[in-house]
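Text of target_18.tsv (TSV, C-alpha atoms and all ligand atoms) as supplied:
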chain	number	residue	atom	x	y	z
A	1	MET	CA	-3.34	-29.59	-2.13
A	2	LEU	CA	-3.57	-31.51	1.13
A	3	LYS	CA	-7.17	-30.67	2.04
A	4	GLY	CA	-9.33	-33.81	2.21
A	5	LYS	CA	-6.43	-36.27	1.75
A	6	HIS	CA	-5.93	-39.43	3.80
A	7	LEU	CA	-2.58	-40.37	5.37
A	8	ILE	CA	-2.19	-44.15	5.36
A	9	GLY	CA	1.50	-44.64	4.49
A	10	PRO	CA	4.65	-42.48	4.56
A	11	ARG	CA	4.71	-42.02	0.79
A	12	ASP	CA	1.13	-40.79	0.44
A	13	PHE	CA	2.28	-37.19	0.20
A	14	THR	CA	4.68	-35.67	-2.30
A	15	LEU	CA	7.96	-34.23	-1.05
A	16	GLU	CA	6.49	-30.75	-1.60
A	17	GLU	CA	3.43	-31.63	0.51
A	18	LEU	CA	5.69	-32.98	3.26
A	19	ASP	CA	7.63	-29.70	3.19
A	20	GLU	CA	4.33	-27.81	3.51
A	21	ILE	CA	3.46	-29.75	6.68
A	22	LEU	CA	6.94	-29.53	8.20
A	23	ASN	CA	7.23	-25.81	7.44
A	24	LEU	CA	3.83	-25.19	9.02
A	25	ALA	CA	4.86	-27.21	12.09
A	26	HIS	CA	7.92	-24.97	12.41
A	27	LEU	CA	5.76	-21.83	12.17
A	28	ILE	CA	3.41	-23.22	14.84
A	29	ILE	CA	6.36	-23.90	17.17
A	30	GLU	CA	7.50	-20.29	16.72
A	31	ASN	CA	4.07	-18.72	17.17
A	32	PRO	CA	1.50	-21.17	18.59
A	33	LYS	CA	-0.97	-18.39	19.51
A	34	GLU	CA	-1.50	-17.52	15.87
A	35	TYR	CA	-2.91	-21.01	15.25
A	36	SER	CA	-4.88	-21.46	18.47
A	37	LYS	CA	-8.29	-20.99	16.83
A	38	VAL	CA	-7.80	-22.07	13.22
A	39	CYS	CA	-9.75	-25.33	13.66
A	40	GLU	CA	-12.56	-23.89	15.79
A	41	GLY	CA	-15.77	-25.88	15.22
A	42	LYS	CA	-13.94	-28.94	13.84
A	43	LEU	CA	-14.03	-32.37	15.46
A	44	LEU	CA	-11.33	-35.05	15.55
A	45	ALA	CA	-12.31	-38.67	16.28
A	46	ALA	CA	-9.41	-40.56	17.89
A	47	LEU	CA	-10.18	-44.28	17.59
A	48	PHE	CA	-7.50	-46.22	19.46
A	49	TYR	CA	-7.91	-50.00	19.45
A	50	GLU	CA	-4.38	-50.43	20.82
A	51	PRO	CA	-2.52	-48.77	23.74
A	52	SER	CA	-0.82	-45.43	23.20
A	53	THR	CA	0.55	-42.53	25.19
A	54	ARG	CA	2.27	-40.20	22.71
A	55	THR	CA	0.22	-40.68	19.57
A	56	ARG	CA	-3.23	-40.46	21.14
A	57	LEU	CA	-2.47	-37.67	23.57
A	58	SER	CA	-0.47	-35.64	21.07
A	59	PHE	CA	-3.33	-35.92	18.55
A	60	GLU	CA	-5.79	-34.81	21.22
A	61	ALA	CA	-3.51	-31.99	22.43
A	62	ALA	CA	-2.93	-30.95	18.82
A	63	MET	CA	-6.65	-30.62	18.07
A	64	HIS	CA	-7.34	-28.74	21.31
A	65	ARG	CA	-4.41	-26.39	20.64
A	66	LEU	CA	-5.89	-25.63	17.22
A	67	GLY	CA	-9.21	-24.68	18.85
A	68	GLY	CA	-11.03	-27.86	17.80
A	69	SER	CA	-12.64	-30.67	19.81
A	70	VAL	CA	-12.04	-34.39	20.22
A	71	ILE	CA	-14.20	-37.51	20.58
A	72	GLY	CA	-13.08	-41.13	20.64
A	73	PHE	CA	-12.06	-44.14	22.63
A	74	SER	CA	-8.75	-45.45	23.95
A	75	GLU	CA	-9.54	-49.16	23.94
A	76	ALA	CA	-11.68	-51.35	21.71
A	77	ASN	CA	-13.60	-52.79	24.67
A	78	SER	CA	-15.23	-49.47	25.44
A	79	SER	CA	-16.68	-49.30	21.90
A	80	SER	CA	-19.28	-51.51	20.19
A	81	THR	CA	-16.39	-53.54	18.77
A	82	ALA	CA	-16.87	-55.53	22.00
A	83	LYS	CA	-20.39	-56.41	20.74
A	84	GLY	CA	-19.09	-57.57	17.37
A	85	GLU	CA	-19.32	-54.39	15.27
A	86	THR	CA	-16.96	-54.42	12.29
A	87	LEU	CA	-14.31	-51.77	11.73
A	88	GLU	CA	-16.05	-50.84	8.48
A	89	ASP	CA	-19.39	-50.14	10.21
A	90	THR	CA	-17.69	-48.15	12.97
A	91	ILE	CA	-15.98	-45.93	10.40
A	92	GLU	CA	-19.22	-45.45	8.39
A	93	VAL	CA	-20.85	-44.13	11.57
A	94	VAL	CA	-17.98	-42.12	13.09
A	95	SER	CA	-17.22	-40.35	9.81
A	96	ASN	CA	-20.71	-38.87	10.04
A	97	TYR	CA	-19.95	-37.49	13.51
A	98	SER	CA	-16.49	-36.04	12.90
A	99	ASP	CA	-14.41	-34.02	10.43
A	100	ILE	CA	-11.26	-36.15	10.60
A	101	ILE	CA	-10.38	-39.58	12.07
A	102	ALA	CA	-7.11	-40.85	13.56
A	103	ILE	CA	-7.10	-44.62	13.96
A	104	ARG	CA	-4.67	-47.01	15.66
A	105	HIS	CA	-5.25	-50.75	15.40
A	106	PRO	CA	-3.23	-53.91	16.13
A	107	GLU	CA	-3.90	-55.37	12.65
A	108	SER	CA	-1.88	-54.35	9.59
A	109	GLY	CA	-4.00	-52.83	6.82
A	110	THR	CA	-6.81	-51.46	8.97
A	111	ALA	CA	-6.25	-47.80	8.05
A	112	GLU	CA	-6.47	-48.74	4.36
A	113	ARG	CA	-9.73	-50.61	5.08
A	114	ALA	CA	-11.06	-47.64	7.06
A	115	LYS	CA	-10.32	-45.24	4.20
A	116	LYS	CA	-12.79	-47.06	1.93
A	117	HIS	CA	-15.64	-46.44	4.38
A	118	SER	CA	-14.93	-42.87	5.42
A	119	SER	CA	-16.35	-39.61	4.14
A	120	VAL	CA	-13.65	-37.67	6.04
A	121	PRO	CA	-9.81	-37.88	6.06
A	122	ILE	CA	-8.36	-40.97	7.75
A	123	ILE	CA	-4.98	-40.70	9.49
A	124	ASN	CA	-3.15	-43.94	10.21
A	125	ALA	CA	-1.95	-43.68	13.82
A	126	GLY	CA	-0.24	-47.08	13.59
A	127	ASP	CA	-1.54	-50.35	12.07
A	128	GLY	CA	0.03	-53.48	13.51
A	129	SER	CA	3.64	-53.95	12.45
A	130	ASN	CA	2.94	-52.21	9.14
A	131	GLU	CA	3.17	-48.39	9.18
A	132	HIS	CA	3.20	-45.39	11.50
A	133	PRO	CA	3.26	-42.38	9.17
A	134	THR	CA	2.61	-39.68	11.78
A	135	GLN	CA	5.60	-40.98	13.74
A	136	THR	CA	7.52	-40.52	10.49
A	137	LEU	CA	6.34	-36.90	10.27
A	138	THR	CA	7.56	-36.50	13.85
A	139	ASP	CA	10.90	-38.08	12.91
A	140	LEU	CA	11.26	-35.89	9.82
A	141	LEU	CA	10.59	-32.73	11.80
A	142	THR	CA	13.18	-33.84	14.37
A	143	ILE	CA	15.79	-34.48	11.67
A	144	LYS	CA	14.97	-31.17	9.97
A	145	LEU	CA	15.31	-29.18	13.20
A	146	LEU	CA	18.30	-31.01	14.71
A	147	LYS	CA	20.33	-32.13	11.67
A	148	GLY	CA	19.25	-29.51	9.14
A	149	SER	CA	19.00	-31.78	6.11
A	150	PHE	CA	17.27	-34.93	4.91
A	151	ASN	CA	20.21	-35.67	2.59
A	152	ASN	CA	23.71	-37.09	3.15
A	153	ASN	CA	22.99	-38.82	6.47
A	154	VAL	CA	24.22	-42.16	7.78
A	155	ILE	CA	21.16	-43.54	9.55
A	156	ALA	CA	21.64	-46.45	11.95
A	157	LEU	CA	18.41	-48.22	12.88
A	158	CYS	CA	18.74	-50.53	15.86
A	159	GLY	CA	16.54	-53.13	17.52
A	160	ASP	CA	13.34	-54.72	16.27
A	161	LEU	CA	13.50	-54.04	12.54
A	162	LYS	CA	11.05	-56.87	11.81
A	163	PHE	CA	7.99	-55.73	13.77
A	164	GLY	CA	8.91	-52.06	14.29
A	165	ARG	CA	6.46	-50.10	12.15
A	166	THR	CA	8.21	-46.80	12.89
A	167	VAL	CA	11.38	-48.16	11.26
A	168	HIS	CA	9.48	-49.42	8.20
A	169	SER	CA	7.87	-46.03	7.67
A	170	LEU	CA	11.08	-44.07	8.30
A	171	ILE	CA	13.08	-46.10	5.76
A	172	LYS	CA	10.35	-45.62	3.16
A	173	ALA	CA	10.42	-41.87	3.85
A	174	MET	CA	14.20	-41.29	4.07
A	175	SER	CA	14.93	-43.41	0.99
A	176	ARG	CA	13.26	-40.65	-1.09
A	177	TYR	CA	16.06	-38.20	-0.28
A	178	GLU	CA	19.61	-37.97	-1.67
A	179	ASN	CA	22.71	-39.88	-0.63
A	180	ASN	CA	21.52	-41.39	2.65
A	181	LYS	CA	23.12	-44.62	3.87
A	182	PHE	CA	21.50	-47.10	6.23
A	183	ILE	CA	23.05	-49.34	8.89
A	184	LEU	CA	20.50	-51.97	9.90
A	185	ILE	CA	21.34	-53.30	13.37
A	186	SER	CA	19.27	-56.20	14.68
A	187	PRO	CA	19.46	-59.76	15.94
A	188	ASN	CA	19.11	-62.25	13.09
A	189	GLU	CA	15.59	-63.05	14.27
A	190	LEU	CA	14.45	-59.42	13.91
A	191	LYS	CA	15.90	-58.34	10.57
A	192	LEU	CA	14.17	-55.83	8.29
A	193	PRO	CA	11.55	-57.57	6.08
A	194	ASP	CA	12.94	-58.50	2.65
A	195	TYR	CA	10.26	-56.58	0.75
A	196	ILE	CA	11.39	-53.29	2.32
A	197	LYS	CA	15.04	-54.00	1.56
A	198	LYS	CA	14.22	-54.90	-2.04
A	199	GLU	CA	11.58	-52.32	-2.91
A	200	PHE	CA	12.97	-49.28	-1.08
A	201	LEU	CA	16.74	-49.83	-0.75
A	202	ILE	CA	18.05	-52.23	-3.40
A	203	GLU	CA	15.81	-51.02	-6.24
A	204	ASN	CA	16.77	-47.40	-5.48
A	205	ASN	CA	20.51	-48.26	-5.32
A	206	ILE	CA	20.69	-47.08	-1.73
A	207	GLU	CA	23.74	-48.19	0.22
A	208	PHE	CA	23.02	-50.26	3.33
A	209	ILE	CA	24.64	-52.86	5.55
A	210	GLU	CA	23.11	-55.35	7.98
A	211	THR	CA	24.94	-56.05	11.22
A	212	THR	CA	24.28	-57.43	14.68
A	213	SER	CA	26.72	-54.92	16.24
A	214	LEU	CA	25.44	-51.71	17.82
A	215	GLU	CA	29.06	-50.59	18.29
A	216	GLU	CA	29.69	-50.77	14.53
A	217	GLY	CA	26.66	-48.58	13.86
A	218	LEU	CA	27.58	-46.12	16.59
A	219	LYS	CA	30.94	-45.30	15.05
A	220	HIS	CA	29.52	-44.18	11.72
A	221	ALA	CA	26.02	-42.86	12.40
A	222	ASP	CA	24.79	-39.30	12.04
A	223	ILE	CA	21.42	-40.45	13.33
A	224	LEU	CA	20.95	-43.43	15.67
A	225	TYR	CA	17.31	-44.59	15.74
A	226	MET	CA	16.83	-46.99	18.66
A	227	THR	CA	13.69	-49.12	18.91
A	228	ARG	CA	11.97	-51.33	21.45
A	229	VAL	CA	11.58	-55.05	20.81
A	230	GLN	CA	7.83	-55.25	20.16
A	231	GLY	CA	6.75	-57.83	22.73
A	232	GLU	CA	3.10	-57.57	21.72
A	233	ARG	CA	3.82	-58.91	18.20
A	234	PHE	CA	5.53	-62.17	19.28
A	235	GLU	CA	3.69	-65.50	19.27
A	236	LYS	CA	5.94	-66.93	21.98
A	237	TYR	CA	6.66	-64.79	25.06
A	238	GLU	CA	9.88	-66.75	25.75
A	239	GLU	CA	11.24	-65.71	22.36
A	240	TYR	CA	10.52	-62.06	23.17
A	241	LEU	CA	12.30	-62.40	26.51
A	242	SER	CA	15.36	-63.92	24.83
A	243	LEU	CA	15.60	-60.95	22.42
A	244	ARG	CA	14.36	-58.07	24.56
A	245	ASP	CA	17.78	-57.02	25.85
A	246	SER	CA	19.73	-57.51	22.62
A	247	TYR	CA	20.83	-53.87	22.59
A	248	ILE	CA	21.25	-51.50	25.49
A	249	LEU	CA	22.66	-48.05	24.80
A	250	ASN	CA	24.41	-46.44	27.75
A	251	ARG	CA	26.66	-43.43	28.35
A	252	GLU	CA	29.82	-45.49	27.94
A	253	LYS	CA	28.84	-46.85	24.52
A	254	LEU	CA	27.89	-43.34	23.41
A	255	ASN	CA	31.60	-42.44	23.68
A	256	LEU	CA	32.06	-44.31	20.39
A	257	ALA	CA	29.69	-41.97	18.55
A	258	LYS	CA	30.21	-38.70	16.71
A	259	GLU	CA	29.82	-35.53	18.77
A	260	ASP	CA	26.99	-34.31	16.55
A	261	MET	CA	25.13	-37.61	16.21
A	262	ILE	CA	21.54	-37.53	17.45
A	263	VAL	CA	19.87	-40.40	19.31
A	264	MET	CA	16.22	-40.83	18.36
A	265	HIS	CA	13.63	-43.29	19.66
A	266	PRO	CA	9.90	-43.27	18.93
A	267	LEU	CA	9.27	-44.27	22.58
A	268	PRO	CA	8.11	-45.95	24.73
A	269	ARG	CA	11.51	-47.33	25.71
A	270	VAL	CA	11.80	-50.40	27.88
A	271	ASN	CA	15.51	-50.69	28.67
A	272	GLU	CA	17.21	-50.25	25.28
A	273	ILE	CA	18.36	-46.74	26.27
A	274	GLN	CA	19.59	-46.41	29.83
A	275	THR	CA	18.59	-43.27	31.68
A	276	ASP	CA	22.25	-42.16	31.98
A	277	VAL	CA	22.01	-41.24	28.28
A	278	ASP	CA	19.16	-38.78	28.88
A	279	ASP	CA	21.44	-35.90	29.94
A	280	ASP	CA	23.72	-36.24	26.92
A	281	PRO	CA	23.11	-33.39	24.43
A	282	ARG	CA	22.80	-36.02	21.69
A	283	ALA	CA	19.73	-37.59	23.35
A	284	SER	CA	16.87	-36.26	21.25
A	285	TYR	CA	13.95	-38.57	22.00
A	286	PHE	CA	12.01	-36.33	24.38
A	287	ARG	CA	12.34	-33.37	22.02
A	288	GLN	CA	11.19	-35.75	19.26
A	289	ALA	CA	8.03	-36.62	21.24
A	290	LYS	CA	7.33	-32.90	21.76
A	291	TYR	CA	7.72	-32.17	18.04
A	292	GLY	CA	5.12	-34.91	17.44
A	293	MET	CA	2.38	-32.68	18.79
A	294	TYR	CA	3.35	-29.74	16.58
A	295	VAL	CA	3.60	-31.82	13.43
A	296	ARG	CA	0.19	-33.36	14.16
A	297	MET	CA	-1.22	-29.83	14.56
A	298	ALA	CA	0.17	-28.99	11.13
A	299	LEU	CA	-1.18	-32.22	9.62
A	300	ILE	CA	-4.70	-31.78	11.01
A	301	ALA	CA	-4.84	-28.11	9.99
A	302	LYS	CA	-3.72	-28.95	6.43
A	303	LEU	CA	-6.01	-31.97	5.91
A	304	LEU	CA	-8.99	-29.95	7.18
A	305	GLY	CA	-8.06	-26.96	5.02
A	306	CYS	CA	-7.98	-24.70	8.11
A	307	VAL	CA	-4.80	-22.87	7.01
B	401	LIG	N1	5.68	-43.52	19.40
B	401	LIG	C1	4.49	-44.01	19.68
B	401	LIG	O1	3.73	-44.42	18.80
B	401	LIG	O2	4.17	-44.03	21.02
B	401	LIG	P1	2.79	-44.50	21.63
B	401	LIG	O3	2.65	-45.98	21.35
B	401	LIG	O4	2.84	-44.17	23.08
B	401	LIG	O5	1.68	-43.77	20.90
Is it possible to express this structure as structure tokens?
Amino acid sequence: MLKGKHLIGPRDFTLEELDEILNLAHLIIENPKEYSKVCEGKLLAALFYEPSTRTRLSFEAAMHRLGGSVIGFSEANSSSTAKGETLEDTIEVVSNYSDIIAIRHPESGTAERAKKHSSVPIINAGDGSNEHPTQTLTDLLTIKLLKGSFNNNVIALCGDLKFGRTVHSLIKAMSRYENNKFILISPNELKLPDYIKKEFLIENNIEFIETTSLEEGLKHADILYMTRVQGERFEKYEEYLSLRDSYILNREKLNLAKEDMIVMHPLPRVNEIQTDVDDDPRASYFRQAKYGMYVRMALIAKLLGCV
């Protein structure tokens, strides 16, 4: 039963509940008209303390396409946070105005804090370098629709594995399925945090390798998940600049990959995927962003008990 639940991390829902959301998203894609009024009279608050294109606008589009309405802000400075209001007080107030809240914040742990002060479901729309569970739902729907199975995949994750919250959440999600293998491709400075390796890979006996070579990952991957180096999380800008261009996927490098591999990216990209890749049938990142709206429609509808 998903009605009334919060979504803070990628393991908050059972595998059956995830299936429920993904199956509903698929039904919405096939027949959006049928769902165009199911959330009539409901209000989503989108509280974005950090920049966003896809997550905020797909949440807003999702609620409108379900027949509901949206309130919110897209930067902290246009809210009373600028006057010193705490996150906790903001949530106490906004949860009285709305039926469901999506929150993005630059600090890790804010969605968990918000949950304790909310009378309505909280959806984590990204908290610092910690988690991004609705991106994970987007990624799962993409894998389901384009690869057909969550099992038996070689998943190469490339780029900023240290600060990239989408990667953290995706590993936690995909490590629940059978016989997946991970290739972790990053510069030494941006390796996956040890706690994720230990808790989600080693303790579950999941096979993985760490490498600095994109080419090595490309040869074996069924799914290549590229990520941006997260400039906003670095203390020293010079360090970011020295790592920003560590990996650049182009058409030529893609020749090394399997014909049925898919290239995913949560976006925004900076220059880690050159635009000459966009026309390749394996490039899946724009379809992925589109699926994000449908899966957020399914999530909102389920958490509000509208379907
Ligand atoms: N993928 C993602 O979170 O994109 P935005 O930062 O544009 O929301």
| said: Here is a test: counting only C-alpha atoms and all ligand atoms, which residue of A:Arg176, A:Lys198, A:Arg269, A:Lys236 is nearest to ligand LIG 401 (chain B)? | reply: A:Arg269
| Minimum-distance residue to Asp279 in chain A, chosen among A:Ile202, A:Met293, A:Ala301, A:Val263 (using all atoms listed in the file) | A:Val263
| task | Return the single residue from A:Pro193, A:Gly109, A:Gly164, A:Gly84 that is closest to ligand LIG 401 (chain B), with distances computed using only C-alpha atoms and all ligand atoms. | result | A:Gly164
| field | Pick from A:Gly9, A:Leu190, A:Val307, A:Glu272 nearest to Thr136 in chain A, counting only C-alpha atoms | value |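 Of A:Gly9, A:Leu190, A:Val307, A:Glu272, the one nearest Thr136 in chain A is A:Gly9, counting only C-alpha atoms.
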Could you make a table, as CSV, of the residues of chain A that have an atom within 8 Å of an atom of ligand LIG 401 (chain B), each with its nearest atom pair and distance in Å to one decimal, counting all atoms listed in the file, in chain and number order?
residue,atom,partner,partner_atom,distance
A:Pro51,CA,B:LIG401,O3,6.3
A:Ser52,CA,B:LIG401,O5,3.8
A:Thr53,CA,B:LIG401,O4,3.5
A:Arg54,CA,B:LIG401,O4,4.0
A:Thr55,CA,B:LIG401,O5,3.7
A:Arg56,CA,B:LIG401,O5,5.9
A:Leu57,CA,B:LIG401,O5,7.8
A:Ala125,CA,B:LIG401,O1,7.6
A:Gly126,CA,B:LIG401,O1,7.1
A:His132,CA,B:LIG401,O1,7.4
A:Gln135,CA,B:LIG401,N1,6.2
A:Thr166,CA,B:LIG401,N1,7.7
A:His265,CA,B:LIG401,N1,8.0
A:Pro266,CA,B:LIG401,N1,4.3
A:Leu267,CA,B:LIG401,N1,4.9
A:Pro268,CA,B:LIG401,O2,5.7
A:Ala289,CA,B:LIG401,N1,7.5
| What does the distance between CA of Met264 in chain A and CA of Leu218 in chain A come to in Å, to one decimal place? |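 Taking CA of Met264 in chain A as the start and CA of Leu218 in chain A as the end point, the length is 12.7 Å.
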| task | Could you check which of A:Arg11, A:Phe286, A:Gly4, A:Pro106 is closest to Ser169 in chain A, using only C-alpha atoms? | result |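 So, comparing all the options, the nearest one is A:Arg11.
Using all atoms listed in the file, the set of residues no farther than 8 Å from the position (22.7, -35.5, 2.4) comprises Ser149, Phe150, Asn151, Asn152, Asn153, Tyr177, Glu178, Asn179 and Asn180 of chain A.
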| Contact residues around Ile8 in chain A with only C-alpha atoms at 12 Å, ignoring same-chain residues under 6 positions, as a list in words | Ile101, Ala102, Ile103, Arg104, Ser108, Gly109, Thr110, Ala111, Glu112, Arg113, Ala114, Lys115, Lys116, Pro121, Ile122, Ile123, Asn124, Ala125, Gly126, Asp127, Asn130, Glu131, His132, Pro133, Thr134, Gln135, Thr136 and Ser169 of chain A
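Nearest to Ile171 in chain A of all the residues A:Gly159, A:Ser186, A:Tyr35, A:Phe208 is A:Phe208, based on all atoms listed in the file.
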| Taking (7.8, -53.3, 14.2) in the file's coordinates as the center, which residues reach within 9 Å of it, counting only C-alpha atoms, put as a PyMOL selection string? | chain A and resi 128-131+160-168+227-230+233
Can those selected residues be exported to a file as a compact mmCIF listing (two decimals), keeping the file's coordinate frame so that it contains C-alpha atoms?
# COMPACT_ATOMS: atom_id res chain seq x y z
CA GLY A 128 0.03 -53.48 13.51
CA SER A 129 3.64 -53.95 12.45
CA ASN A 130 2.94 -52.21 9.14
CA GLU A 131 3.17 -48.39 9.18
CA ASP A 160 13.34 -54.72 16.27
CA LEU A 161 13.50 -54.04 12.54
CA LYS A 162 11.05 -56.87 11.81
CA PHE A 163 7.99 -55.73 13.77
CA GLY A 164 8.91 -52.06 14.29
CA ARG A 165 6.46 -50.10 12.15
CA THR A 166 8.21 -46.80 12.89
CA VAL A 167 11.38 -48.16 11.26
CA HIS A 168 9.48 -49.42 8.20
CA THR A 227 13.69 -49.12 18.91
CA ARG A 228 11.97 -51.33 21.45
CA VAL A 229 11.58 -55.05 20.81
CA GLN A 230 7.83 -55.25 20.16
CA ARG A 233 3.82 -58.91 18.20
| task | Name all residues at most 7 Å from Ser74 in chain A (count only C-alpha atoms; drop same-chain ones fewer than 2 positions away) and give them as a ChimeraX atom specification. | result | /A:47-49,72,76
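As for CA of Lys172 in chain A and CA of Thr138 in chain A, they are spaced 14.3 Å apart.
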| How many Å lie between CA of Ala257 in chain A and CA of Asp276 in chain A, rounded to one decimal? |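 So the two atoms, CA of Ala257 in chain A and CA of Asp276 in chain A, lie 15.4 Å apart.
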| task | Determine, counting all atoms listed in the file, which protein, DNA and RNA residues have an atom within 9 Å of an atom of Ile183 in chain A; residues of the same chain fewer than 4 positions away are not included. Present the result as a list in words. | result |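 Within the cut-off, the hits are Val154, Ile155, Ala156, Leu157, Cys158, Glu207, Phe208, Ile209, Glu210, Thr211, Glu216, Gly217, His220 and Ala221 of chain A.
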Kindly compute an axis-aligned box around the listed atoms of range 114-117 of chain A, allowing 8 Å on each side, and express its centre and edge lengths in Å to one decimal as lines of an AutoDock Vina configuration file.
center_x = -13.0
center_y = -46.4
center_z = 4.5
size_x = 21.3
size_y = 18.4
size_z = 21.1
